[in-house]
$ cat my_file-v3.cif   # mmCIF, C-alpha atoms and all ligand atoms
data_upload
#
loop_
_atom_site.label_atom_id
_atom_site.label_comp_id
_atom_site.auth_asym_id
_atom_site.auth_seq_id
_atom_site.Cartn_x
_atom_site.Cartn_y
_atom_site.Cartn_z
CA MET A 202 -78.45 26.45 -59.52
CA LYS A 203 -80.74 24.35 -61.66
CA ASN A 204 -83.75 26.45 -60.59
CA ALA A 205 -81.97 29.65 -61.68
CA VAL A 206 -81.52 28.21 -65.18
CA TYR A 207 -85.20 27.22 -65.39
CA LEU A 208 -86.15 30.71 -64.22
CA LYS A 209 -83.99 32.29 -66.93
CA ILE A 210 -85.55 30.05 -69.59
CA LEU A 211 -89.02 30.90 -68.28
CA PHE A 212 -88.31 34.67 -68.55
CA LEU A 213 -86.85 34.20 -72.03
CA VAL A 214 -89.98 32.40 -73.18
CA LEU A 215 -92.27 34.98 -71.51
CA SER A 216 -90.46 37.92 -73.11
CA GLY A 217 -90.59 36.11 -76.45
CA ILE A 218 -94.38 35.74 -76.14
CA LEU A 219 -94.75 39.40 -75.18
CA GLY A 220 -92.56 40.36 -78.14
CA ILE A 221 -94.75 38.37 -80.53
CA LEU A 222 -97.98 39.84 -79.12
CA GLY A 223 -96.54 43.37 -79.36
CA GLY A 224 -95.21 42.66 -82.85
CA ILE A 225 -98.67 41.59 -84.06
CA GLU A 226 -100.09 44.92 -82.88
CA PHE A 227 -97.35 46.92 -84.61
CA TYR A 228 -97.88 44.90 -87.80
CA GLU A 229 -101.65 45.47 -87.71
CA LEU A 230 -101.33 49.24 -87.37
CA ARG A 231 -98.68 49.46 -90.09
CA HIS A 232 -100.87 47.61 -92.59
CA TYR A 233 -104.35 48.85 -91.56
CA GLN A 234 -106.40 50.20 -94.46
CA GLU A 235 -109.01 52.92 -94.10
CA THR A 236 -112.04 52.87 -96.41
CA VAL A 237 -113.38 55.87 -98.28
CA VAL A 238 -116.28 56.20 -100.74
CA VAL A 239 -115.46 59.07 -103.08
CA SER A 240 -118.17 61.36 -104.52
CA GLU A 241 -119.54 61.10 -108.06
CA ASP A 242 -117.31 64.00 -109.10
CA PHE A 243 -114.19 61.85 -108.57
CA THR A 244 -111.96 61.66 -111.66
CA GLU A 245 -108.89 59.58 -110.84
CA ARG A 246 -106.54 58.35 -108.14
CA ILE A 247 -102.82 58.77 -108.76
CA MET A 248 -99.84 58.18 -106.48
CA LEU A 249 -97.66 60.98 -105.15
CA SER A 250 -94.68 59.24 -106.80
CA THR A 251 -96.10 60.51 -110.14
CA TYR A 252 -94.28 63.70 -109.17
CA LEU A 253 -91.11 62.07 -107.81
CA PRO A 254 -90.55 58.53 -109.15
CA ASN A 255 -88.05 57.56 -106.44
CA LEU A 256 -90.93 57.56 -103.90
CA GLU A 257 -92.53 54.58 -105.65
CA GLY A 258 -92.55 51.46 -103.51
CA THR A 259 -91.63 53.37 -100.32
CA TRP A 260 -93.84 54.14 -97.31
CA GLY A 261 -93.61 57.77 -98.38
CA ASP A 262 -95.76 57.15 -101.46
CA THR A 263 -99.42 57.98 -100.88
CA PRO A 264 -102.62 58.28 -102.94
CA VAL A 265 -103.72 61.61 -104.42
CA TYR A 266 -107.42 61.89 -105.34
CA VAL A 267 -108.38 64.16 -108.22
CA PHE A 268 -111.79 65.79 -108.76
CA ASP A 269 -111.70 67.58 -112.11
CA SER A 270 -114.79 69.44 -113.35
CA GLY A 271 -113.27 69.60 -116.84
CA LYS A 272 -114.26 73.26 -116.89
CA PRO A 273 -111.86 76.20 -116.55
CA GLY A 274 -111.37 77.61 -113.07
CA GLY A 275 -108.98 77.65 -110.14
CA SER A 276 -107.24 74.67 -108.59
CA MET A 277 -106.88 73.57 -104.99
CA LEU A 278 -104.74 71.06 -103.09
CA ILE A 279 -105.75 69.85 -99.62
CA CYS A 280 -103.25 67.96 -97.44
CA GLY A 281 -104.61 65.96 -94.49
CA GLY A 282 -102.41 63.80 -92.28
CA THR A 283 -99.23 65.88 -92.39
CA HIS A 284 -99.14 64.85 -88.71
CA PRO A 285 -101.16 61.62 -88.40
CA TYR A 286 -101.45 61.97 -84.60
CA GLU A 287 -103.89 64.75 -85.57
CA PRO A 288 -106.19 62.22 -87.31
CA ILE A 289 -109.23 64.47 -87.71
CA THR A 290 -107.24 66.17 -90.50
CA THR A 291 -107.48 62.95 -92.53
CA LEU A 292 -111.13 62.45 -91.55
CA ALA A 293 -111.97 66.00 -92.71
CA ALA A 294 -110.25 65.21 -96.03
CA TYR A 295 -112.34 62.00 -96.34
CA VAL A 296 -115.59 63.87 -95.61
CA ILE A 297 -114.69 66.32 -98.40
CA MET A 298 -113.79 63.45 -100.77
CA GLU A 299 -117.07 61.64 -100.03
CA ASN A 300 -119.28 64.68 -100.64
CA ILE A 301 -117.51 67.14 -102.92
CA LYS A 302 -119.13 68.63 -106.02
CA VAL A 303 -116.81 70.45 -108.40
CA GLU A 304 -118.55 72.57 -111.03
CA THR A 305 -115.56 74.59 -112.20
CA GLY A 306 -111.85 74.07 -111.58
CA LYS A 307 -109.88 71.11 -110.26
CA VAL A 308 -109.35 69.71 -106.76
CA TYR A 309 -106.49 67.49 -105.50
CA ILE A 310 -106.72 65.83 -102.08
CA ILE A 311 -103.97 63.91 -100.24
CA PRO A 312 -105.74 62.52 -97.14
CA VAL A 313 -102.62 60.96 -95.58
CA SER A 314 -99.68 63.17 -96.53
CA ASN A 315 -97.12 61.40 -94.36
CA ARG A 316 -98.20 57.79 -94.81
CA SER A 317 -95.14 56.43 -93.01
CA ALA A 318 -96.03 58.47 -89.89
CA ALA A 319 -99.54 56.99 -89.97
CA THR A 320 -98.14 53.48 -89.50
CA LEU A 321 -97.20 53.70 -85.81
CA GLY A 322 -98.15 55.59 -82.66
CA MET A 323 -95.93 57.98 -80.69
CA ARG A 324 -93.43 55.89 -78.82
CA GLY A 325 -93.78 56.26 -75.06
CA ASN A 326 -97.22 57.89 -75.22
CA GLY A 327 -99.38 54.74 -74.86
CA TYR A 328 -102.62 55.51 -76.70
CA PRO A 329 -105.18 53.55 -78.75
CA LYS A 330 -104.37 52.58 -82.33
CA TYR A 331 -107.80 53.49 -83.69
CA TYR A 332 -110.89 55.60 -83.16
CA SER A 333 -114.33 55.14 -84.70
CA VAL A 334 -117.09 57.33 -86.08
CA GLU A 335 -120.72 56.20 -85.66
CA THR A 336 -122.88 56.16 -88.78
CA ALA A 337 -126.43 54.99 -89.53
CA TRP A 338 -124.95 51.84 -91.15
CA GLY A 339 -122.34 50.96 -88.50
CA LYS A 340 -118.96 52.14 -87.31
CA GLN A 341 -116.14 53.39 -89.53
CA THR A 342 -112.70 52.95 -87.94
CA TYR A 343 -109.62 55.10 -88.54
CA ARG A 344 -106.00 55.11 -87.37
CA ILE A 345 -104.34 57.35 -84.80
CA GLY A 346 -100.75 57.69 -86.03
CA ASP A 347 -97.55 59.45 -85.00
CA ARG A 348 -96.30 63.00 -85.57
CA GLU A 349 -93.15 61.97 -87.38
CA THR A 350 -92.02 59.57 -90.10
CA ASN A 351 -91.69 55.98 -88.82
CA PRO A 352 -88.03 55.30 -87.82
CA LEU A 353 -88.36 51.98 -89.70
CA ASP A 354 -88.46 54.10 -92.86
CA GLN A 355 -85.96 56.83 -91.94
CA TRP A 356 -83.23 56.26 -89.39
CA PRO A 357 -81.02 57.28 -87.58
CA ASP A 358 -81.69 60.93 -86.69
CA PRO A 359 -78.69 63.27 -86.68
CA TYR A 360 -77.62 65.22 -83.56
CA THR A 361 -78.82 68.40 -85.23
CA TYR A 362 -81.16 68.66 -88.17
CA VAL A 363 -79.90 71.21 -90.71
CA HIS A 364 -82.84 72.36 -92.81
CA TYR A 365 -82.38 72.46 -96.58
CA PRO A 366 -81.93 74.93 -98.25
CA SER A 367 -81.95 77.58 -95.45
CA GLY A 368 -79.27 75.90 -93.31
CA GLN A 369 -81.30 76.67 -90.17
CA ASN A 370 -80.61 74.29 -87.26
CA LEU A 371 -83.73 72.54 -85.97
CA ALA A 372 -84.44 69.88 -83.32
CA TYR A 373 -83.05 66.49 -84.35
CA GLN A 374 -86.42 64.71 -84.53
CA ASP A 375 -87.77 67.37 -86.90
CA ILE A 376 -85.81 65.70 -89.69
CA ARG A 377 -88.77 63.25 -89.68
CA ASN A 378 -91.42 65.98 -89.32
CA LEU A 379 -93.13 66.63 -92.67
CA ASN A 380 -94.00 70.14 -91.52
CA ARG A 381 -90.29 71.00 -91.10
CA THR A 382 -88.84 69.54 -94.30
CA TYR A 383 -90.38 71.76 -96.98
CA PRO A 384 -89.51 72.60 -99.73
CA GLY A 385 -87.61 69.29 -99.65
CA ARG A 386 -85.20 67.89 -102.21
CA PRO A 387 -85.48 65.02 -104.70
CA ASP A 388 -82.47 63.09 -103.34
CA GLY A 389 -82.91 63.88 -99.63
CA THR A 390 -84.32 61.88 -96.71
CA LEU A 391 -87.67 60.15 -97.18
CA THR A 392 -89.47 63.05 -95.46
CA GLU A 393 -87.68 65.63 -97.63
CA ARG A 394 -88.67 63.62 -100.70
CA ILE A 395 -92.36 63.60 -99.65
CA SER A 396 -92.19 67.41 -99.23
CA TYR A 397 -90.49 67.77 -102.60
CA ALA A 398 -93.09 65.56 -104.34
CA ILE A 399 -95.94 67.66 -102.89
CA MET A 400 -94.12 70.83 -104.04
CA GLU A 401 -93.75 69.29 -107.50
CA LEU A 402 -97.49 68.51 -107.60
CA ILE A 403 -98.20 72.16 -106.72
CA ARG A 404 -95.77 73.49 -109.34
CA THR A 405 -96.69 71.03 -112.10
CA GLU A 406 -100.46 71.37 -111.69
CA ASP A 407 -100.18 75.12 -111.05
CA ILE A 408 -102.23 74.91 -107.83
CA ASP A 409 -103.88 78.22 -106.92
CA ILE A 410 -104.65 77.56 -103.25
CA PHE A 411 -103.12 75.08 -100.83
CA PHE A 412 -104.47 73.96 -97.45
CA ASP A 413 -102.49 72.05 -94.82
CA PHE A 414 -104.87 70.65 -92.15
CA HIS A 415 -103.59 70.32 -88.56
CA GLU A 416 -104.81 69.94 -84.99
CA ALA A 417 -103.11 71.74 -82.11
CA SER A 418 -102.87 71.37 -78.36
CA LEU A 419 -104.94 74.03 -76.60
CA MET A 420 -101.90 75.40 -74.77
CA TYR A 421 -100.25 76.21 -78.13
CA PRO A 422 -100.98 79.86 -79.07
CA VAL A 423 -101.61 78.99 -82.73
CA VAL A 424 -104.68 76.81 -81.94
CA SER A 425 -108.03 77.63 -83.71
CA THR A 426 -106.09 79.63 -86.27
CA TYR A 427 -105.24 80.11 -89.92
CA VAL A 428 -101.52 80.57 -90.53
CA ALA A 429 -101.15 82.38 -93.84
CA HIS A 430 -98.25 82.94 -96.18
CA ASP A 431 -97.78 86.64 -97.10
CA ARG A 432 -99.73 86.38 -100.36
CA ALA A 433 -102.63 84.54 -98.66
CA MET A 434 -102.88 86.96 -95.73
CA ASP A 435 -105.84 89.00 -97.08
CA ILE A 436 -107.80 85.83 -97.80
CA GLY A 437 -107.06 84.39 -94.36
CA MET A 438 -107.91 87.63 -92.58
CA MET A 439 -111.29 88.04 -94.27
CA ALA A 440 -112.13 84.35 -93.84
CA ALA A 441 -111.20 84.42 -90.13
CA MET A 442 -113.37 87.50 -89.56
CA MET A 443 -116.34 86.00 -91.38
CA LEU A 444 -116.08 82.65 -89.62
CA SER A 445 -115.76 84.28 -86.20
CA ALA A 446 -118.84 86.43 -86.88
CA THR A 447 -121.05 83.74 -88.38
CA GLN A 448 -119.83 80.27 -87.31
CA PHE A 449 -117.00 79.64 -84.80
CA PRO A 450 -114.01 81.54 -83.32
CA MET A 451 -111.11 81.61 -85.80
CA LYS A 452 -107.84 83.54 -85.49
CA ILE A 453 -105.24 84.46 -88.11
CA GLU A 454 -101.45 84.53 -87.87
CA ALA A 455 -98.86 85.62 -90.41
CA SER A 456 -96.35 82.91 -91.33
CA PRO A 457 -93.06 83.86 -89.60
CA LYS A 458 -90.18 84.45 -92.01
CA ASN A 459 -87.49 83.07 -89.71
CA LEU A 460 -89.00 79.66 -88.93
CA ARG A 461 -88.11 77.33 -91.78
CA GLY A 462 -89.45 74.11 -93.19
CA LEU A 463 -93.16 74.75 -92.55
CA THR A 464 -95.80 74.57 -95.29
CA HIS A 465 -97.20 78.07 -94.80
CA ARG A 466 -93.70 79.50 -95.36
CA GLU A 467 -91.92 77.24 -97.85
CA VAL A 468 -94.88 76.20 -100.04
CA GLY A 469 -95.67 79.90 -100.54
CA ASP A 470 -92.02 80.85 -101.14
CA PHE A 471 -91.20 77.97 -103.51
CA SER A 472 -94.37 78.03 -105.65
CA ASN A 473 -97.00 80.50 -106.85
CA THR A 474 -99.76 79.03 -104.68
CA LEU A 475 -101.65 80.81 -101.88
CA ALA A 476 -100.63 78.77 -98.82
CA LEU A 477 -102.76 78.40 -95.68
CA LEU A 478 -102.44 76.11 -92.67
CA MET A 479 -105.33 75.53 -90.25
CA GLU A 480 -105.31 74.30 -86.65
CA THR A 481 -108.27 72.90 -84.67
CA PRO A 482 -108.20 72.39 -80.86
CA GLN A 483 -107.26 68.81 -79.91
CA PRO A 484 -106.94 68.14 -76.13
CA PHE A 485 -105.64 64.62 -76.91
CA ILE A 486 -102.20 66.03 -77.73
CA ASP A 487 -101.98 68.52 -74.86
CA ARG A 488 -99.03 67.76 -72.56
CA VAL A 489 -101.21 68.01 -69.46
CA ALA A 490 -104.06 65.78 -70.66
CA GLY A 491 -104.95 62.71 -68.59
CA ARG A 492 -105.58 59.22 -70.02
CA MET A 493 -105.22 59.19 -73.79
CA THR A 494 -108.31 57.17 -74.69
CA GLU A 495 -110.50 56.84 -77.75
CA ALA A 496 -113.16 58.86 -75.86
CA LEU A 497 -110.67 61.70 -75.40
CA MET A 498 -109.93 61.65 -79.15
CA VAL A 499 -113.63 61.69 -80.06
CA ASP A 500 -115.13 63.96 -77.37
CA GLY A 501 -112.13 66.08 -76.40
CA ILE A 502 -113.18 66.16 -72.75
CA ASP A 503 -110.30 66.31 -70.27
CA GLU A 504 -110.40 67.59 -66.71
CA PHE A 505 -106.70 68.53 -66.62
CA VAL A 506 -106.99 70.66 -69.77
CA GLN A 507 -110.12 72.14 -68.12
CA THR A 508 -108.04 73.12 -65.07
CA ALA A 509 -105.49 74.72 -67.41
CA ALA A 510 -108.34 76.59 -69.14
CA GLU A 511 -109.64 77.87 -65.79
CA LYS A 512 -106.16 79.20 -65.03
CA GLY A 513 -106.10 81.06 -68.35
CA LEU A 514 -103.43 78.82 -69.88
CA VAL A 515 -105.22 77.81 -73.08
CA TYR A 516 -105.56 79.85 -76.26
CA CYS A 517 -109.11 78.98 -77.36
CA ASP A 518 -112.61 78.51 -75.93
CA TYR A 519 -112.82 75.34 -73.82
CA ASP A 520 -115.30 74.26 -71.17
CA ILE A 521 -116.17 70.65 -70.36
CA HIS A 522 -119.02 71.58 -67.95
CA GLU A 523 -121.11 74.43 -69.33
CA GLY A 524 -119.55 74.53 -72.81
CA PHE A 525 -119.40 77.70 -74.87
CA THR A 526 -121.85 78.93 -77.49
CA ASP A 527 -120.78 79.41 -81.12
CA ALA A 528 -122.20 82.07 -83.46
CA LEU A 529 -124.94 79.65 -84.58
CA GLY A 530 -126.14 78.94 -81.05
CA ASN A 531 -124.59 75.46 -80.72
CA VAL A 532 -123.22 74.71 -77.24
CA ILE A 533 -119.76 73.15 -77.61
CA ILE A 534 -118.72 70.98 -74.67
CA GLY A 535 -115.03 70.03 -74.76
CA ALA A 536 -113.64 69.83 -78.29
CA PRO A 537 -115.69 67.11 -80.03
CA LEU A 538 -114.83 65.45 -83.32
CA ASP A 539 -117.75 67.05 -85.21
CA TYR A 540 -116.64 70.50 -84.09
CA ARG A 541 -113.09 69.85 -85.33
CA VAL A 542 -114.15 68.29 -88.67
CA GLY A 543 -116.66 71.11 -89.27
CA ARG A 544 -114.01 73.76 -88.59
CA HIS A 545 -111.71 72.38 -91.30
CA LEU A 546 -114.55 72.12 -93.83
CA SER A 547 -115.84 75.66 -93.33
CA GLY A 548 -112.28 76.97 -92.96
CA THR A 549 -111.59 75.67 -96.48
CA LEU A 550 -114.87 76.85 -98.01
CA GLU A 551 -114.59 80.35 -96.56
CA ALA A 552 -111.00 80.85 -97.77
CA LEU A 553 -111.98 79.53 -101.23
CA ASN A 554 -114.78 82.05 -101.32
CA TRP A 555 -112.38 84.90 -100.54
CA MET A 556 -109.84 83.69 -103.10
CA GLY A 557 -112.59 84.13 -105.71
CA MET A 558 -113.28 87.66 -104.41
CA PHE A 559 -109.64 88.80 -104.42
CA PHE A 560 -108.59 86.89 -107.55
CA PRO A 561 -111.65 86.40 -109.82
CA GLU A 562 -109.50 84.59 -112.41
CA LYS A 563 -108.77 81.86 -109.80
CA ALA A 564 -112.42 81.47 -108.70
CA MET A 565 -113.78 77.93 -108.55
CA SER A 566 -117.22 76.52 -107.87
CA VAL A 567 -116.82 73.79 -105.28
CA SER A 568 -119.28 72.61 -102.63
CA PHE A 569 -119.32 70.17 -99.71
CA PRO A 570 -120.94 70.26 -96.27
CA GLY A 571 -119.58 72.89 -93.89
CA TYR A 572 -119.56 73.47 -90.15
CA PRO A 573 -123.33 74.21 -89.83
CA GLU A 574 -124.25 70.94 -91.59
CA ILE A 575 -121.73 68.83 -89.64
CA MET A 576 -122.89 70.30 -86.32
CA GLU A 577 -126.51 69.62 -87.22
CA ASN A 578 -126.22 66.09 -88.64
CA GLY A 579 -122.91 64.74 -87.30
CA THR A 580 -119.87 63.60 -89.27
CA GLY A 581 -121.17 60.03 -89.62
CA TYR A 582 -124.11 61.28 -91.68
CA TYR A 583 -121.68 62.29 -94.43
CA LEU A 584 -119.79 58.97 -94.58
CA HIS A 585 -121.21 56.50 -97.09
CA ASP A 586 -121.70 52.75 -96.68
CA PRO A 587 -118.97 51.05 -98.78
CA SER A 588 -121.07 47.87 -99.07
CA LYS A 589 -123.84 49.79 -100.86
CA ALA A 590 -121.62 52.02 -102.99
CA ASP A 591 -120.52 51.50 -106.59
CA LYS A 592 -117.25 49.53 -106.31
CA SER A 593 -115.43 51.96 -108.62
CA ARG A 594 -115.84 54.63 -105.96
CA VAL A 595 -114.67 52.61 -102.93
CA PHE A 596 -110.98 52.92 -102.04
CA GLN A 597 -108.67 51.48 -99.41
CA ASN A 598 -106.34 54.18 -98.22
ZN ZN B 1 -99.70 69.36 -86.84
#
$ encode --input "my_file-v3.cif" --output "structure tokens" --more "lines below"
Ligand SMILES: [Zn+2]
Amino acid sequence: MKNAVYLKILFLVLSGILGILGGIEFYELRHYQETVVVSEDFTERIMLSTYLPNLEGTWGDTPVYVFDSGKPGGSMLICGGTHPYEPITTLAAYVIMENIKVETGKVYIIPVSNRSAATLGMRGNGYPKYYSVETAWGKQTYRIGDRETNPLDQWPDPYTYVHYPSGQNLAYQDIRNLNRTYPGRPDGTLTERISYAIMELIRTEDIDIFFDFHEASLMYPVVSTYVAHDRAMDIGMMAAMMLSATQFPMKIEASPKNLRGLTHREVGDFSNTLALLMETPQPFIDRVAGRMTEALMVDGIDEFVQTAAEKGLVYCDYDIHEGFTDALGNVIIGAPLDYRVGRHLSGTLEALNWMGMFFPEKAMSVSFPGYPEIMENGTGYYLHDPSKADKSRVFQN
């Protein structure tokens, strides 16, 4: 009898210790700060709550970085981290922010669009909290977040999520999915308010072209693709053709009219901007992938996804043994980080180029490294050492 009581106390203490250890890890990820050194063309950092004051002080508020040439020209908004479990979207935004030159027009970049979702991992998936990029001056470490808004910030989920304003019924967890809550509303859930604030930025600043960066599982047909709103279709089609001929395979899809809440549909419908979404291949989030390790995030090499590829079940080039050759002659083995970062950079540059061709009044002169440069030098080459940079250009994000 007495022993049973001691045993119970022992288990209580042990579970308490495990709870504290686990809690420390959750706390660390929630408060981790990434470092970015912005380029000399940086103008100012504002918060997203500038466009919707009730976001201030919430985990939905997030920094917006502005690069204004001060000269007339088009304007662009880039959103990384709509789904923080696709973290290369944020890294691609950082690489742009660290290297961008803006000669005409104005650029807005939100590297972590759903900041709340970046503060935890997917429950039940068991994967590392961080991944690192090697540079000449050391390692730079970034978060691997979740797909959806943290339940600590928005809870509980309803049985059915009714999208506003279409009334379409969506899966319950999509009420916390930033790519299902557009165009949002100012007094809605936290995720709807983030969507609404981004829409307000686009409308207030009269953004000409909008990019939403994503990564997709290889078994999802929309991988390695632009998804274009109706008005951006010509731009996306020309850019996809050019990229496929000269750099890497890129497909194009028209935004479906009957699937609501997504950026490529609602941002185009509820503003004047040309809306494009881009997907890179990311084996890490494939359902069939094996151990979800940092190496899988960085190298994208997985034997189970390979087996799926051999059976014709994936929708892009993938080979972990021989690799495949891109239009520049690079052999791509798996789906490495540089390949995915480079795709987003050139995907943006090429579409910008075609916007200037189709709409000369929206043309803007913007440059940053593209896919060829990233494949040649590696992503780390384009990340700057914060300890050597001018302090006014170093930010914690
Ligand atoms: Zn996504």
$ closest_residue --input "my_file-v3.cif" --among "A:Gln507, A:Asn378, A:Thr549, A:Asn531" --to "ligand ZN 1 (chain B)" --atoms "only C-alpha atoms and all ligand atoms"
A:Asn378
$ closest_atom_pairs --input "my_file-v3.cif" --of "chain A" --to "ligand ZN 1 (chain B)" --cutoff "9 Å" --atoms "all atoms listed in the file" --output "tab-separated table"
residue	atom	partner	partner_atom	distance
A:Gly282	CA	B:ZN1	ZN	8.2
A:Thr283	CA	B:ZN1	ZN	6.6
A:His284	CA	B:ZN1	ZN	4.9
A:Pro285	CA	B:ZN1	ZN	8.0
A:Tyr286	CA	B:ZN1	ZN	7.9
A:Glu287	CA	B:ZN1	ZN	6.4
A:Thr290	CA	B:ZN1	ZN	9.0
A:Arg348	CA	B:ZN1	ZN	7.3
A:Asn380	CA	B:ZN1	ZN	7.4
A:Asp413	CA	B:ZN1	ZN	8.9
A:Phe414	CA	B:ZN1	ZN	7.5
A:His415	CA	B:ZN1	ZN	4.4
A:Glu416	CA	B:ZN1	ZN	5.5
A:Ala417	CA	B:ZN1	ZN	6.3
A:Glu480	CA	B:ZN1	ZN	7.5
$ residues_around --input "my_file-v3.cif" --residues "Glu551 in chain A" --least-positions-apart "6" --cutoff "8 Å" --atoms "only C-alpha atoms" --output "PyMOL selection string"
chain A and resi 440+443-444
$ closest_residue --input "my_file-v3.cif" --among "A:Trp555, A:Trp338, A:Phe525, A:Tyr427" --to "Met439 in chain A" --atoms "all atoms listed in the file"
A:Trp555
$ atom_distance --input "my_file-v3.cif" --atom1 "CA of Phe596 in chain A" --atom2 "CA of Thr305 in chain A"
24.4 Å
$ closest_residue --input "my_file-v3.cif" --among "A:Tyr360, A:Phe559, A:Tyr572, A:Phe268" --to "Ile247 in chain A" --atoms "all atoms listed in the file"
A:Phe268
$ closest_residue --input "my_file-v3.cif" --among "A:Thr336, A:Asn326, A:Ser472, A:Ser240" --to "Arg492 in chain A" --atoms "only C-alpha atoms"
A:Asn326
$ residues_around --input "my_file-v3.cif" --residues "Arg246 in chain A" --least-positions-apart "3" --cutoff "8 Å" --atoms "all atoms listed in the file" --output "list of chain:residue names"
A:Pro264, A:Val265, A:Tyr266, A:Val267
$ closest_residue --input "my_file-v3.cif" --among "A:Glu335, A:Ile310, A:Leu402, A:Arg231" --to "Asn578 in chain A" --atoms "all atoms listed in the file"
A:Glu335
$ atom_distance --input "my_file-v3.cif" --atom1 "CA of Gly543 in chain A" --atom2 "CA of Ser445 in chain A"
13.6 Å
$ atom_distance --input "my_file-v3.cif" --atom1 "CA of Gly571 in chain A" --atom2 "CA of Tyr540 in chain A"
10.5 Å
$ residues_around --input "my_file-v3.cif" --residues "range 403-406 of chain A" --least-positions-apart "5" --cutoff "10 Å" --atoms "all atoms listed in the file" --output "PyMOL selection string"
chain A and resi 252+276-278+307+309+397-398+411+468+471-474
$ residues_near_point --input "my_file-v3.cif" --point "(-104.4, 61.9, -90.9)" --cutoff "12 Å" --atoms "only C-alpha atoms" --output "PyMOL selection string"
chain A and resi 235+263+279-295+311-320+331-332+343-349+413-416+542+598
$ closest_residue --input "my_file-v3.cif" --among "A:Gly548, A:Pro484, A:Pro450, A:Gly224" --to "Ile521 in chain A" --atoms "only C-alpha atoms"
A:Pro484
$ residues_near_point --input "my_file-v3.cif" --point "(-98.7, 78.2, -79.9)" --cutoff "12 Å" --atoms "only C-alpha atoms" --output "list in words"
Glu416, Ala417, Ser418, Leu419, Met420, Tyr421, Pro422, Val423, Val424, Ser425, Thr426, Val428, Lys452, Glu454, Glu480, Thr481, Pro482, Asp487, Leu514, Val515, Tyr516 and Cys517 of chain A
$ write_last_selection --input "my_file-v3.cif" --atoms "C-alpha atoms" --output "short mmCIF file (atom, residue, chain, number, x, y, z; two decimals), in the coordinates of the input"
data_model
loop_
_atom_site.label_atom_id
_atom_site.label_comp_id
_atom_site.auth_asym_id
_atom_site.auth_seq_id
_atom_site.Cartn_x
_atom_site.Cartn_y
_atom_site.Cartn_z
CA GLU A 416 -104.81 69.94 -84.99
CA ALA A 417 -103.11 71.74 -82.11
CA SER A 418 -102.87 71.37 -78.36
CA LEU A 419 -104.94 74.03 -76.60
CA MET A 420 -101.90 75.40 -74.77
CA TYR A 421 -100.25 76.21 -78.13
CA PRO A 422 -100.98 79.86 -79.07
CA VAL A 423 -101.61 78.99 -82.73
CA VAL A 424 -104.68 76.81 -81.94
CA SER A 425 -108.03 77.63 -83.71
CA THR A 426 -106.09 79.63 -86.27
CA VAL A 428 -101.52 80.57 -90.53
CA LYS A 452 -107.84 83.54 -85.49
CA GLU A 454 -101.45 84.53 -87.87
CA GLU A 480 -105.31 74.30 -86.65
CA THR A 481 -108.27 72.90 -84.67
CA PRO A 482 -108.20 72.39 -80.86
CA ASP A 487 -101.98 68.52 -74.86
CA LEU A 514 -103.43 78.82 -69.88
CA VAL A 515 -105.22 77.81 -73.08
CA TYR A 516 -105.56 79.85 -76.26
CA CYS A 517 -109.11 78.98 -77.36
#
$ axis_aligned_box --input "my_file-v3.cif" --around "range 208-224 of chain A" --padding-each-side "4 Å" --output "AutoDock Vina command-line options"
--center_x -91.0 --center_y 36.7 --center_z -73.5 --size_x 22.0 --size_y 21.3 --size_z 26.6
$ residues_around --input "my_file-v3.cif" --residues "Met558 in chain A" --least-positions-apart "4" --cutoff "12 Å" --atoms "all atoms listed in the file" --output "NGL selection string"
:A and (435-436 or 439-440 or 551-554 or 562-565)
$ closest_atom_pairs --input "my_file-v3.cif" --of "range 299-391 of chain A" --to "range 494-501 of chain A" --cutoff "9 Å" --atoms "all atoms listed in the file" --output "tab-separated table"
residue	atom	partner	partner_atom	distance
A:Tyr328	CA	A:Thr494	CA	6.3
A:Pro329	CA	A:Thr494	CA	6.3
A:Lys330	CA	A:Glu495	CA	8.8
A:Tyr331	CA	A:Glu495	CA	7.3
A:Tyr332	CA	A:Glu495	CA	5.6
A:Ser333	CA	A:Val499	CA	8.1
A:Val334	CA	A:Val499	CA	8.2
$ decode --input "my_file-v3.cif" --residues "range 522-528 of chain A" --atoms "N, CA and C atoms" --output "compact mmCIF listing (two decimals), in the first residue's frame"
# COMPACT_ATOMS: atom_id res chain seq x y z
N HIS A 522 19.38 9.56 -56.65
CA HIS A 522 20.60 8.81 -57.02
C HIS A 522 21.35 9.52 -58.15
N GLU A 523 20.73 9.58 -59.31
CA GLU A 523 21.39 10.18 -60.48
C GLU A 523 21.14 11.69 -60.54
N GLY A 524 20.03 12.13 -59.95
CA GLY A 524 19.62 13.53 -60.08
C GLY A 524 19.01 13.78 -61.45
N PHE A 525 18.61 15.01 -61.68
CA PHE A 525 18.16 15.42 -63.02
C PHE A 525 18.89 16.70 -63.38
N THR A 526 18.98 16.99 -64.67
CA THR A 526 19.78 18.13 -65.12
C THR A 526 18.86 19.29 -65.49
N ASP A 527 19.13 20.47 -64.92
CA ASP A 527 18.31 21.65 -65.26
C ASP A 527 18.80 22.26 -66.57
N ALA A 528 18.15 23.34 -67.01
CA ALA A 528 18.48 23.94 -68.31
C ALA A 528 19.86 24.58 -68.33
